[in-house]
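Here is the file query-v7.tsv (TSV, C-alpha atoms).
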chain	number	residue	atom	x	y	z
A	87	MET	CA	164.12	101.05	100.50
A	88	LEU	CA	160.68	99.44	100.76
A	89	GLN	CA	159.53	99.32	104.36
A	90	ARG	CA	157.50	96.47	105.74
A	91	ALA	CA	153.97	97.50	106.60
A	92	GLY	CA	152.87	97.26	110.20
A	93	PRO	CA	150.23	94.80	111.36
A	94	ILE	CA	146.72	95.35	110.05
A	95	ARG	CA	144.49	96.17	112.98
A	96	PRO	CA	140.71	95.95	113.08
A	97	PRO	CA	138.78	99.17	113.38
A	98	LEU	CA	137.95	100.34	116.87
A	99	PHE	CA	134.89	98.55	118.19
A	100	ASP	CA	131.88	100.73	118.92
A	101	ALA	CA	132.03	100.74	122.71
A	102	VAL	CA	128.28	101.34	122.95
A	103	LYS	CA	127.56	97.96	121.37
A	104	ARG	CA	128.18	94.64	123.10
A	105	VAL	CA	128.24	90.96	122.34
A	106	TYR	CA	125.62	89.19	124.46
A	107	VAL	CA	126.74	85.79	125.75
A	108	VAL	CA	123.57	83.94	126.76
A	109	GLY	CA	122.96	80.69	128.58
A	110	THR	CA	121.82	79.03	131.77
A	111	ALA	CA	124.35	80.09	134.39
A	112	ASP	CA	123.06	77.45	136.80
A	113	THR	CA	124.26	74.62	134.52
A	114	LYS	CA	126.63	76.15	131.93
A	115	GLY	CA	128.73	78.47	134.08
A	116	PRO	CA	132.28	77.43	133.06
A	117	GLU	CA	131.38	77.40	129.38
A	118	LEU	CA	129.79	80.86	129.54
A	119	LEU	CA	132.82	82.34	131.33
A	120	TYR	CA	135.14	80.69	128.81
A	121	ILE	CA	133.28	82.23	125.86
A	122	LYS	CA	133.07	85.62	127.56
A	123	ALA	CA	136.82	85.69	128.17
A	124	LEU	CA	137.60	84.78	124.55
A	125	VAL	CA	135.22	87.37	123.10
A	126	GLU	CA	136.68	90.05	125.39
A	127	GLY	CA	140.14	88.91	124.44
A	128	ALA	CA	139.25	89.48	120.80
A	129	GLY	CA	138.46	93.10	121.64
A	130	ALA	CA	134.66	93.12	121.91
A	131	PRO	CA	132.78	94.32	125.00
A	132	VAL	CA	130.61	91.55	126.46
A	133	LEU	CA	127.45	91.23	128.50
A	134	LEU	CA	126.82	87.82	130.11
A	135	VAL	CA	123.09	87.14	130.32
A	136	ASP	CA	121.66	84.41	132.53
A	137	ILE	CA	118.44	82.69	131.49
A	138	GLY	CA	118.66	79.86	134.02
A	139	THR	CA	115.67	79.01	136.17
A	140	ARG	CA	117.75	78.22	139.23
A	141	ALA	CA	120.40	80.14	141.18
A	142	SER	CA	123.49	81.13	139.19
A	143	HIS	CA	126.87	79.65	140.13
A	144	ILE	CA	128.89	82.38	138.39
A	145	PRO	CA	128.86	86.20	138.33
A	146	VAL	CA	126.65	87.52	135.52
A	147	ASP	CA	125.98	90.94	134.06
A	148	VAL	CA	122.25	90.46	133.57
A	149	SER	CA	120.50	88.20	136.04
A	150	ALA	CA	117.86	85.64	135.24
A	151	ARG	CA	115.43	87.62	137.41
A	152	THR	CA	115.97	90.70	135.26
A	153	VAL	CA	115.22	88.70	132.13
A	154	ALA	CA	112.24	86.95	133.76
A	155	ALA	CA	110.77	90.32	134.75
A	156	ALA	CA	110.11	90.96	131.05
A	157	HIS	CA	107.44	88.24	131.07
A	158	PRO	CA	103.92	89.71	130.94
A	159	ARG	CA	103.05	87.93	134.19
A	160	GLY	CA	106.25	88.94	135.96
A	161	ALA	CA	109.38	87.17	137.18
A	162	HIS	CA	107.48	85.09	139.72
A	163	HIS	CA	105.70	83.31	136.87
A	164	VAL	CA	109.02	82.20	135.39
A	165	LEU	CA	111.18	81.40	138.41
A	166	GLY	CA	110.73	79.13	141.38
A	167	GLY	CA	108.24	76.64	140.00
A	168	SER	CA	108.67	72.86	139.97
A	169	ASP	CA	107.62	72.24	136.35
A	170	ARG	CA	110.79	72.53	134.26
A	171	GLY	CA	108.95	72.45	130.94
A	172	ALA	CA	106.69	75.32	131.97
A	173	ALA	CA	109.68	77.29	133.28
A	174	VAL	CA	111.59	76.84	130.01
A	175	GLU	CA	108.60	77.98	127.97
A	176	ALA	CA	108.03	81.01	130.21
A	177	MET	CA	111.72	81.99	130.19
A	178	GLY	CA	111.79	81.71	126.40
A	179	GLU	CA	108.92	84.19	126.18
A	180	ALA	CA	110.57	86.45	128.74
A	181	PHE	CA	113.89	86.42	126.89
A	182	SER	CA	112.21	87.16	123.56
A	183	ARG	CA	110.58	90.21	125.14
A	184	PHE	CA	113.72	91.27	127.00
A	185	ILE	CA	116.03	91.11	124.00
A	186	VAL	CA	113.97	93.45	121.81
A	187	THR	CA	114.19	96.20	124.44
A	188	ARG	CA	117.98	96.38	124.14
A	189	ASP	CA	119.67	98.92	121.90
A	190	ASP	CA	123.28	97.91	122.57
A	191	ILE	CA	123.45	94.54	120.79
A	192	ALA	CA	126.37	94.00	118.43
A	193	GLY	CA	125.76	90.26	118.30
A	194	VAL	CA	124.45	87.37	120.38
A	195	ILE	CA	125.94	83.96	121.08
A	196	GLY	CA	123.97	81.33	122.96
A	197	ILE	CA	124.88	77.88	124.18
A	198	GLY	CA	122.62	75.10	125.31
A	199	GLY	CA	120.95	71.75	124.98
A	200	GLY	CA	117.29	71.30	124.13
A	201	GLY	CA	115.90	73.70	126.72
A	202	GLY	CA	118.57	76.35	126.26
A	203	THR	CA	118.27	76.21	122.48
A	204	SER	CA	114.52	76.67	122.69
A	205	MET	CA	114.75	79.64	125.06
A	206	ILE	CA	117.61	81.45	123.34
A	207	THR	CA	116.43	81.06	119.75
A	208	ALA	CA	112.99	82.34	120.79
A	209	GLY	CA	114.76	85.63	121.46
A	210	LEU	CA	117.14	85.49	118.51
A	211	ARG	CA	114.23	85.18	116.09
A	212	GLN	CA	112.95	88.56	117.29
A	213	LEU	CA	116.12	90.40	116.31
A	214	PRO	CA	116.42	92.16	112.95
A	215	ILE	CA	118.00	90.38	110.01
A	216	GLY	CA	121.70	91.24	109.92
A	217	VAL	CA	122.35	91.30	113.66
A	218	PRO	CA	124.86	88.44	114.19
A	219	LYS	CA	123.18	85.48	115.90
A	220	LEU	CA	125.08	82.29	116.74
A	221	MET	CA	123.61	79.33	118.62
A	222	VAL	CA	125.92	76.52	119.77
A	223	SER	CA	123.58	73.62	120.36
A	224	THR	CA	123.48	69.88	120.87
A	225	LEU	CA	120.58	69.85	118.38
A	226	ALA	CA	122.30	71.72	115.56
A	227	ALA	CA	123.06	68.61	113.49
A	228	GLY	CA	119.37	67.78	113.06
A	229	ASP	CA	116.28	69.56	111.74
A	230	VAL	CA	116.62	73.10	113.11
A	231	LYS	CA	113.71	74.73	111.26
A	232	GLN	CA	111.73	75.23	114.46
A	233	PHE	CA	114.65	77.11	116.03
A	234	VAL	CA	115.78	79.20	113.05
A	235	GLY	CA	112.44	79.97	111.41
A	236	ALA	CA	112.75	82.86	108.97
A	237	SER	CA	115.69	84.42	110.78
A	238	ASP	CA	119.42	84.39	109.96
A	239	ILE	CA	120.50	82.42	113.02
A	240	THR	CA	123.72	80.45	112.57
A	241	MET	CA	123.50	77.04	114.26
A	242	MET	CA	126.75	75.35	115.31
A	243	HIS	CA	126.81	71.75	116.48
A	244	SER	CA	128.44	71.43	119.90
A	245	VAL	CA	129.59	67.83	119.07
A	246	THR	CA	129.85	66.90	122.76
A	247	ASP	CA	127.16	67.84	125.24
A	248	VAL	CA	127.42	71.35	126.66
A	249	SER	CA	128.39	69.95	130.02
A	250	GLY	CA	131.82	71.08	131.12
A	251	LEU	CA	134.99	72.01	129.28
A	252	ASN	CA	137.02	69.29	127.56
A	253	ARG	CA	139.37	68.94	124.61
A	254	ILE	CA	136.46	69.02	122.14
A	255	SER	CA	134.25	71.66	123.74
A	256	ARG	CA	137.15	74.08	124.21
A	257	VAL	CA	137.81	74.03	120.48
A	258	VAL	CA	134.16	74.23	119.39
A	259	LEU	CA	133.22	76.94	121.88
A	260	GLY	CA	136.46	78.76	121.13
A	261	ASN	CA	135.67	78.79	117.41
A	262	ALA	CA	132.19	80.04	118.20
A	263	ALA	CA	133.50	82.81	120.46
A	264	HIS	CA	135.91	84.06	117.82
A	265	ALA	CA	133.22	83.77	115.15
A	266	ILE	CA	130.74	85.98	117.01
A	267	ALA	CA	133.48	88.47	117.86
A	268	GLY	CA	134.48	88.63	114.21
A	269	MET	CA	130.90	89.02	113.01
A	270	ALA	CA	130.19	91.75	115.55
A	271	MET	CA	133.41	93.67	115.01
A	272	ARG	CA	133.39	93.39	111.23
A	273	SER	CA	129.68	93.82	110.60
A	274	ILE	CA	128.67	94.75	107.07
A	275	PRO	CA	126.63	97.96	106.89
A	276	GLN	CA	123.39	97.68	104.99
A	277	ALA	CA	123.29	99.44	101.64
A	278	THR	CA	121.12	102.53	101.72
A	279	ASP	CA	121.66	103.94	98.23
A	280	LYS	CA	118.47	102.37	96.85
A	281	PRO	CA	115.19	101.31	98.45
A	282	ALA	CA	114.77	97.54	98.81
A	283	ILE	CA	111.90	95.45	97.50
A	284	GLY	CA	111.11	91.75	97.85
A	285	LEU	CA	110.30	89.31	95.06
A	286	THR	CA	109.37	85.61	95.21
A	287	MET	CA	110.62	83.01	92.76
A	288	PHE	CA	110.57	79.31	91.96
A	289	GLY	CA	112.52	77.55	89.25
A	290	VAL	CA	109.33	77.52	87.16
A	291	THR	CA	108.96	81.33	87.41
A	292	THR	CA	112.64	82.25	87.12
A	293	THR	CA	112.29	83.68	83.62
A	294	CYS	CA	109.65	86.13	84.80
A	295	VAL	CA	111.41	87.23	87.98
A	296	THR	CA	114.77	87.61	86.24
A	297	ARG	CA	113.27	90.05	83.74
A	298	VAL	CA	111.51	91.98	86.51
A	299	THR	CA	114.75	92.40	88.48
A	300	GLU	CA	116.68	93.39	85.37
A	301	ARG	CA	114.21	96.18	84.71
A	302	LEU	CA	114.14	97.43	88.31
A	303	ARG	CA	117.72	96.97	89.52
A	304	ASP	CA	118.71	100.55	88.65
A	305	ARG	CA	115.99	101.91	90.93
A	306	TYR	CA	115.67	99.24	93.61
A	307	ASP	CA	117.77	96.78	95.56
A	308	CYS	CA	115.90	93.62	94.46
A	309	LEU	CA	115.85	90.88	97.11
A	310	VAL	CA	114.66	87.60	95.60
A	311	PHE	CA	113.29	84.92	97.95
A	312	HIS	CA	112.91	81.26	97.03
A	313	ALA	CA	109.26	80.41	97.72
A	314	THR	CA	110.05	77.38	99.87
A	315	GLY	CA	108.08	78.29	102.99
A	316	THR	CA	110.94	79.89	104.86
A	317	GLY	CA	111.47	82.13	101.84
A	318	GLY	CA	108.03	83.68	102.11
A	319	GLN	CA	108.37	83.94	105.87
A	320	ALA	CA	111.75	85.67	105.56
A	321	MET	CA	110.40	88.16	103.05
A	322	GLU	CA	107.45	89.02	105.24
A	323	LYS	CA	109.68	89.31	108.30
A	324	LEU	CA	111.63	91.99	106.44
A	325	VAL	CA	108.37	93.71	105.49
A	326	ASP	CA	107.31	93.74	109.15
A	327	SER	CA	110.75	95.08	110.10
A	328	GLY	CA	110.35	98.02	107.72
A	329	MET	CA	113.29	96.88	105.61
A	330	LEU	CA	111.30	96.43	102.38
A	331	GLU	CA	109.45	99.25	100.71
A	332	GLY	CA	107.39	97.06	98.44
A	333	VAL	CA	106.78	93.50	97.26
A	334	ILE	CA	106.39	91.89	93.84
A	335	ASP	CA	105.02	88.51	94.90
A	336	VAL	CA	105.26	86.68	91.59
A	337	THR	CA	105.25	83.21	93.17
A	338	THR	CA	102.50	82.66	95.74
A	339	THR	CA	102.86	78.87	95.56
A	340	GLU	CA	103.42	78.48	99.33
A	341	VAL	CA	99.66	78.88	99.74
A	342	CYS	CA	99.16	75.61	97.83
A	343	ASP	CA	101.29	73.72	100.35
A	344	LEU	CA	99.44	75.35	103.25
A	345	LEU	CA	95.99	74.36	102.00
A	346	VAL	CA	96.70	71.00	100.35
A	347	GLY	CA	99.31	69.69	102.79
A	348	GLY	CA	102.65	70.06	101.04
A	349	VAL	CA	106.04	70.39	102.69
A	350	LEU	CA	106.87	74.00	101.75
A	351	SER	CA	104.13	76.00	103.45
A	352	ALA	CA	104.91	79.47	104.77
A	353	GLY	CA	102.13	79.07	107.33
A	354	PRO	CA	98.73	80.75	107.72
A	355	ASP	CA	100.23	84.22	108.12
A	356	ARG	CA	101.31	84.42	104.46
A	357	LEU	CA	100.38	87.93	103.28
A	358	GLY	CA	99.95	88.97	106.91
A	359	ALA	CA	102.82	91.46	106.73
A	360	ILE	CA	101.27	93.05	103.65
A	361	GLU	CA	98.06	93.56	105.60
A	362	ARG	CA	99.83	94.90	108.71
A	363	THR	CA	102.11	97.35	106.94
A	364	GLY	CA	100.23	98.44	103.85
A	365	VAL	CA	103.35	98.35	101.66
A	366	PRO	CA	102.83	98.54	97.89
A	367	TYR	CA	102.11	94.99	96.73
A	368	VAL	CA	101.95	93.44	93.28
A	369	GLY	CA	101.13	89.74	93.32
A	370	SER	CA	100.54	86.97	90.84
A	371	ALA	CA	99.54	83.32	90.59
A	372	GLY	CA	103.04	81.95	90.07
A	373	ALA	CA	103.29	78.17	90.60
A	374	LEU	CA	99.77	77.86	92.00
A	375	ASP	CA	99.59	74.73	89.86
A	376	MET	CA	101.75	72.72	92.23
A	377	VAL	CA	102.13	71.30	95.73
A	378	ASN	CA	105.57	70.21	96.92
A	379	PHE	CA	106.61	66.91	98.46
A	380	TRP	CA	110.01	65.33	98.92
A	381	ALA	CA	111.11	62.21	97.03
A	382	MET	CA	108.43	60.23	95.21
A	383	ASP	CA	108.20	57.57	97.92
A	384	THR	CA	107.34	60.21	100.53
A	385	VAL	CA	104.18	61.39	98.75
A	386	PRO	CA	101.14	60.55	100.93
A	387	ALA	CA	99.10	57.58	99.72
A	388	GLU	CA	96.04	59.75	99.09
A	389	PHE	CA	97.94	61.59	96.32
A	390	ARG	CA	99.71	58.63	94.65
A	391	SER	CA	97.15	58.29	91.85
A	392	ARG	CA	97.23	62.01	91.03
A	393	ASN	CA	99.24	63.90	88.41
A	394	LEU	CA	102.75	63.81	89.90
A	395	TYR	CA	105.91	65.24	88.38
A	396	LYS	CA	109.44	64.35	89.45
A	397	HIS	CA	111.11	67.76	89.63
A	398	ASN	CA	114.37	66.17	90.79
A	399	PRO	CA	115.30	63.08	92.85
A	400	GLN	CA	114.46	64.93	96.07
A	401	VAL	CA	111.36	66.92	95.09
A	402	THR	CA	108.02	65.70	93.70
A	403	LEU	CA	105.31	68.07	92.49
A	404	LEU	CA	101.56	67.42	92.66
A	405	ARG	CA	99.24	69.17	90.18
A	406	THR	CA	96.45	71.09	91.91
A	407	THR	CA	92.90	70.14	90.95
A	408	PRO	CA	90.12	72.56	89.99
A	409	GLN	CA	88.60	72.25	93.48
A	410	GLU	CA	91.95	72.89	95.17
A	411	CYS	CA	92.59	75.82	92.83
A	412	ARG	CA	89.22	77.26	93.75
A	413	GLU	CA	90.07	77.08	97.46
A	414	ILE	CA	93.52	78.59	96.85
A	415	GLY	CA	92.06	81.48	94.86
A	416	GLU	CA	89.44	82.19	97.53
A	417	TRP	CA	92.08	82.10	100.30
A	418	ILE	CA	94.35	84.55	98.50
A	419	GLY	CA	91.38	86.77	97.63
A	420	ARG	CA	90.28	87.01	101.26
A	421	ARG	CA	93.79	87.93	102.38
A	422	LEU	CA	94.06	90.61	99.71
A	423	ASN	CA	90.71	92.05	100.81
A	424	ALA	CA	92.15	92.57	104.30
A	425	CYS	CA	95.04	94.66	102.95
A	426	GLY	CA	94.61	98.42	103.11
A	427	GLY	CA	97.62	99.44	101.05
A	428	PRO	CA	97.88	99.65	97.25
A	429	ILE	CA	97.33	96.20	95.75
A	430	ARG	CA	97.60	94.85	92.21
A	431	PHE	CA	97.18	91.15	91.44
A	432	LEU	CA	97.98	90.07	87.88
A	433	ILE	CA	96.60	86.84	86.43
A	434	PRO	CA	98.56	85.12	83.60
A	435	GLU	CA	95.70	83.47	81.71
A	436	LYS	CA	97.95	81.25	79.55
A	437	GLY	CA	99.73	79.48	82.40
A	438	VAL	CA	101.13	80.01	85.89
A	439	SER	CA	104.42	78.10	85.62
A	440	ALA	CA	106.94	76.75	83.14
A	441	ILE	CA	105.23	73.34	83.24
A	442	ASP	CA	101.72	74.80	82.92
A	443	ALA	CA	101.70	75.35	79.17
A	444	PRO	CA	100.54	73.33	76.12
A	445	GLY	CA	102.49	70.09	75.94
A	446	GLN	CA	103.79	70.42	79.51
A	447	PRO	CA	102.89	67.97	82.33
A	448	PHE	CA	100.81	70.39	84.41
A	449	TYR	CA	98.86	72.03	81.59
A	450	ASP	CA	95.26	72.03	82.85
A	451	PRO	CA	93.06	74.85	81.52
A	452	ALA	CA	90.12	73.75	83.69
A	453	ALA	CA	92.14	73.99	86.91
A	454	ASP	CA	93.55	77.36	85.91
A	455	ALA	CA	90.08	78.64	85.04
A	456	ALA	CA	88.81	77.60	88.48
A	457	LEU	CA	91.70	79.48	90.10
A	458	PHE	CA	91.19	82.64	88.09
A	459	GLU	CA	87.42	82.65	88.57
A	460	ALA	CA	87.79	82.18	92.33
A	461	LEU	CA	90.18	85.12	92.51
A	462	GLU	CA	87.88	87.28	90.41
A	463	ASN	CA	84.80	86.35	92.45
A	464	THR	CA	86.52	86.86	95.80
A	465	VAL	CA	88.70	89.95	95.43
A	466	GLN	CA	86.74	93.09	96.28
A	467	GLN	CA	88.11	95.55	93.75
A	468	THR	CA	88.55	99.21	94.68
A	469	ALA	CA	90.69	102.08	93.46
A	470	GLN	CA	93.43	100.71	95.73
A	471	ARG	CA	92.90	97.01	95.10
A	472	ARG	CA	92.76	95.79	91.52
A	473	LEU	CA	92.76	92.42	89.80
A	474	VAL	CA	94.12	92.37	86.23
A	475	ARG	CA	93.73	89.45	83.81
A	476	LEU	CA	96.25	89.30	80.97
A	477	PRO	CA	96.22	86.89	77.97
A	478	LEU	CA	99.85	85.97	78.64
A	479	HIS	CA	101.91	83.14	80.14
A	480	ILE	CA	103.66	84.01	83.40
A	481	ASN	CA	107.09	83.66	81.74
A	482	ASP	CA	106.17	85.83	78.75
A	483	PRO	CA	108.37	88.96	78.80
A	484	LYS	CA	105.26	91.10	78.39
A	485	PHE	CA	103.85	89.70	81.63
A	486	ALA	CA	107.03	90.63	83.52
A	487	ASP	CA	106.80	94.10	82.00
A	488	ALA	CA	103.21	94.40	83.21
A	489	LEU	CA	104.32	93.50	86.74
A	490	VAL	CA	106.99	96.20	86.63
A	491	GLU	CA	104.59	98.82	85.30
A	492	SER	CA	102.01	97.97	87.96
A	493	PHE	CA	104.59	98.24	90.72
A	494	LEU	CA	105.94	101.57	89.51
A	495	GLU	CA	102.40	102.87	89.33
A	496	ILE	CA	101.55	102.10	92.96
A	497	ALA	CA	105.02	102.74	94.42
A	498	ALA	CA	105.30	106.26	93.00
Would you put the structure from the file into C-alpha cells?
Amino acid sequence: MLQRAGPIRPPLFDAVKRVYVVGTADTKGPELLYIKALVEGAGAPVLLVDIGTRASHIPVDVSARTVAAAHPRGAHHVLGGSDRGAAVEAMGEAFSRFIVTRDDIAGVIGIGGGGGTSMITAGLRQLPIGVPKLMVSTLAAGDVKQFVGASDITMMHSVTDVSGLNRISRVVLGNAAHAIAGMAMRSIPQATDKPAIGLTMFGVTTTCVTRVTERLRDRYDCLVFHATGTGGQAMEKLVDSGMLEGVIDVTTTEVCDLLVGGVLSAGPDRLGAIERTGVPYVGSAGALDMVNFWAMDTVPAEFRSRNLYKHNPQVTLLRTTPQECREIGEWIGRRLNACGGPIRFLIPEKGVSAIDAPGQPFYDPAADAALFEALENTVQQTAQRRLVRLPLHINDPKFADALVESFLEIAA
C-alpha cells in the first residue's frame, strides 16, 4: 500500500548566520518587534539592530551606540546632536561601516521612511551581491535608483506610512518578514565550477556579445550586463568584490552619456574597478556612436537639431559628433593608462554598432575616425597594454573571435 509522505521540511538553518532586522527603534519599535517575531517564527535566528538617533523604546540586540561607534569620528559625532539631517547622514555612514564588519549575516531587512531608507540602504549597498537585502520603504513606489545603486536590494512599498501596526501594515510587513526568512533560509549557493567573467552589451552589439559568450561558455560563467549605467556599475562592483576574474567590455557606451549628458551614465568611476584590481580586461568601442535619452520630447533643446534616432517609444539616441568622439576616446585612453593589469582594447574600424554601418542612420566615418585617432593618440601602449585596430565591423563574427582570442591570451 502506498504510504503518504510526511511534510517536507526546510533544511536546518545555519545557526551561525542571522537575519538582521534594522530600523529606528525610537520611532519604529512595534513594527521591528513584529517583524522579528515573524522571522523567528519561520525558523531563522534574528538580530534586531537599532539605527535610531534617539533613545530606543524597545529591547534591541545591537544598540544604536554600537552602530554609531563605527563612524570614523566616533559615536558622539552621530548621536545627541540637534540637526536631524546631519545625524541621519552620519548614522548612514556608521551603519555602512558597521555592516561590513559582520560575518554572521544571512540576510537583512530594513524598514523606514525617507531617513530610515537612506541610512539602511547605505549599508545594504556595501554587502556582496547575493546576500538577501529587503527594504520596506515609503519611497519604494518612486525612483529608487539612489537607494539601490548597483546592488541587488529588493525594495517593497510599505503602502501606508511605517507608523504603527494596522490592517495594511501587518500584511505588508508580514509578507516582508516571511520573504526575508525564505531568502535567507533557502539561499542559492553560487556556482563555483567555472570562473566568472563580465561582458557588456547593448541591443546594437548583441550579435557580437552572443558569439563571444557562445565561444567561452564551456570555460567561463559568462555574466552579461546591459550597459545602461547601472549595468556597468554592477559589473564593476562584482570586479571590486573579487567575483569576476576578467572582463570583456564590448560596450563602453556609458562613457558617452557621462561626457555628453545622457541618461544612462555609469558615473565617473567607470573602469575604476579595472584599475583597482588589475583583472584581465579586453575592451572595445561598442556603441560609442550614441548618447541615450528617454522619449523624443525629453531630449534637451540643445540637441534637437542633431542626428536623433528613435530606438523605441521610450528611448531616443543621439549620434556623437567628431568632437564628442574625440573627447570620449581621450577619456577612455586616460583610464586605460591608469590600469596596471593586462589590457587589450580592440577597435572595429568599420563601425561600432548595428546602426553605424553604410546605409544606417548613425554611419559617420568622420566621427568614428576621430574616436579611433583619439584612442590611438592617448593610449600609452606597453607589453601589458595594447590597442588593436581591425578592419571589421563590431558585429562581424571575426571581430568577436578576435575579442575571445585576446581574452584567452591575457587570462592564461
What lies within 10 Å of Phe233 of chain A using all atoms listed in the file, ignoring chain neighbours under 3 positions off, as a tab-separated table (two decimals) with C-alpha atoms, in the coordinates of the input?
chain	number	residue	atom	x	y	z
A	203	THR	CA	118.27	76.21	122.48
A	204	SER	CA	114.52	76.67	122.69
A	205	MET	CA	114.75	79.64	125.06
A	206	ILE	CA	117.61	81.45	123.34
A	207	THR	CA	116.43	81.06	119.75
A	208	ALA	CA	112.99	82.34	120.79
A	210	LEU	CA	117.14	85.49	118.51
A	211	ARG	CA	114.23	85.18	116.09
A	221	MET	CA	123.61	79.33	118.62
A	225	LEU	CA	120.58	69.85	118.38
A	226	ALA	CA	122.30	71.72	115.56
A	229	ASP	CA	116.28	69.56	111.74
A	230	VAL	CA	116.62	73.10	113.11
A	236	ALA	CA	112.75	82.86	108.97
A	237	SER	CA	115.69	84.42	110.78
A	239	ILE	CA	120.50	82.42	113.02
A	241	MET	CA	123.50	77.04	114.26
Point-to-point distance from atom CA of Glu300 of chain A to atom CA of His479 of chain A, Å rounded to tenths:
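Separating atom CA of Glu300 of chain A from atom CA of His479 of chain A is a distance of 18.7 Å.
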Two-atom distance - atom CA of Gly284 of chain A, atom CA of Glu361 of chain A (Å)
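Distance reported for this atom pair: 15.3 Å.
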With distances taken over only C-alpha atoms, the candidate from A:Lys436, A:Lys323, A:Lys231, A:Arg405 nearest Phe389 of chain A is A:Arg405
Judged by only C-alpha atoms, the minimum distance to Thr384 of chain A among A:Leu461, A:Leu403, A:Val490, A:Leu357 is found for A:Leu403
One decimal place gives the atom CA of Gly427 of chain A-atom CA of Gly318 of chain A separation as 18.9 Å
Axis-aligned box for segment 204-218 of chain A, 6 Å per side, centre and edges in Å as AutoDock Vina command-line options:
--center_x 118.9 --center_y 84.4 --center_z 117.5 --size_x 23.9 --size_y 27.5 --size_z 27.1
* **Test item: residues at most 12 Å from Phe493 of chain A, only C-alpha atoms, excluding those fewer than 2 positions along its chain, as number ranges by chain** => A: 283-285, 298-299, 301-302, 305-306, 331-336, 365-370, 428-432, 486-491, 495-498
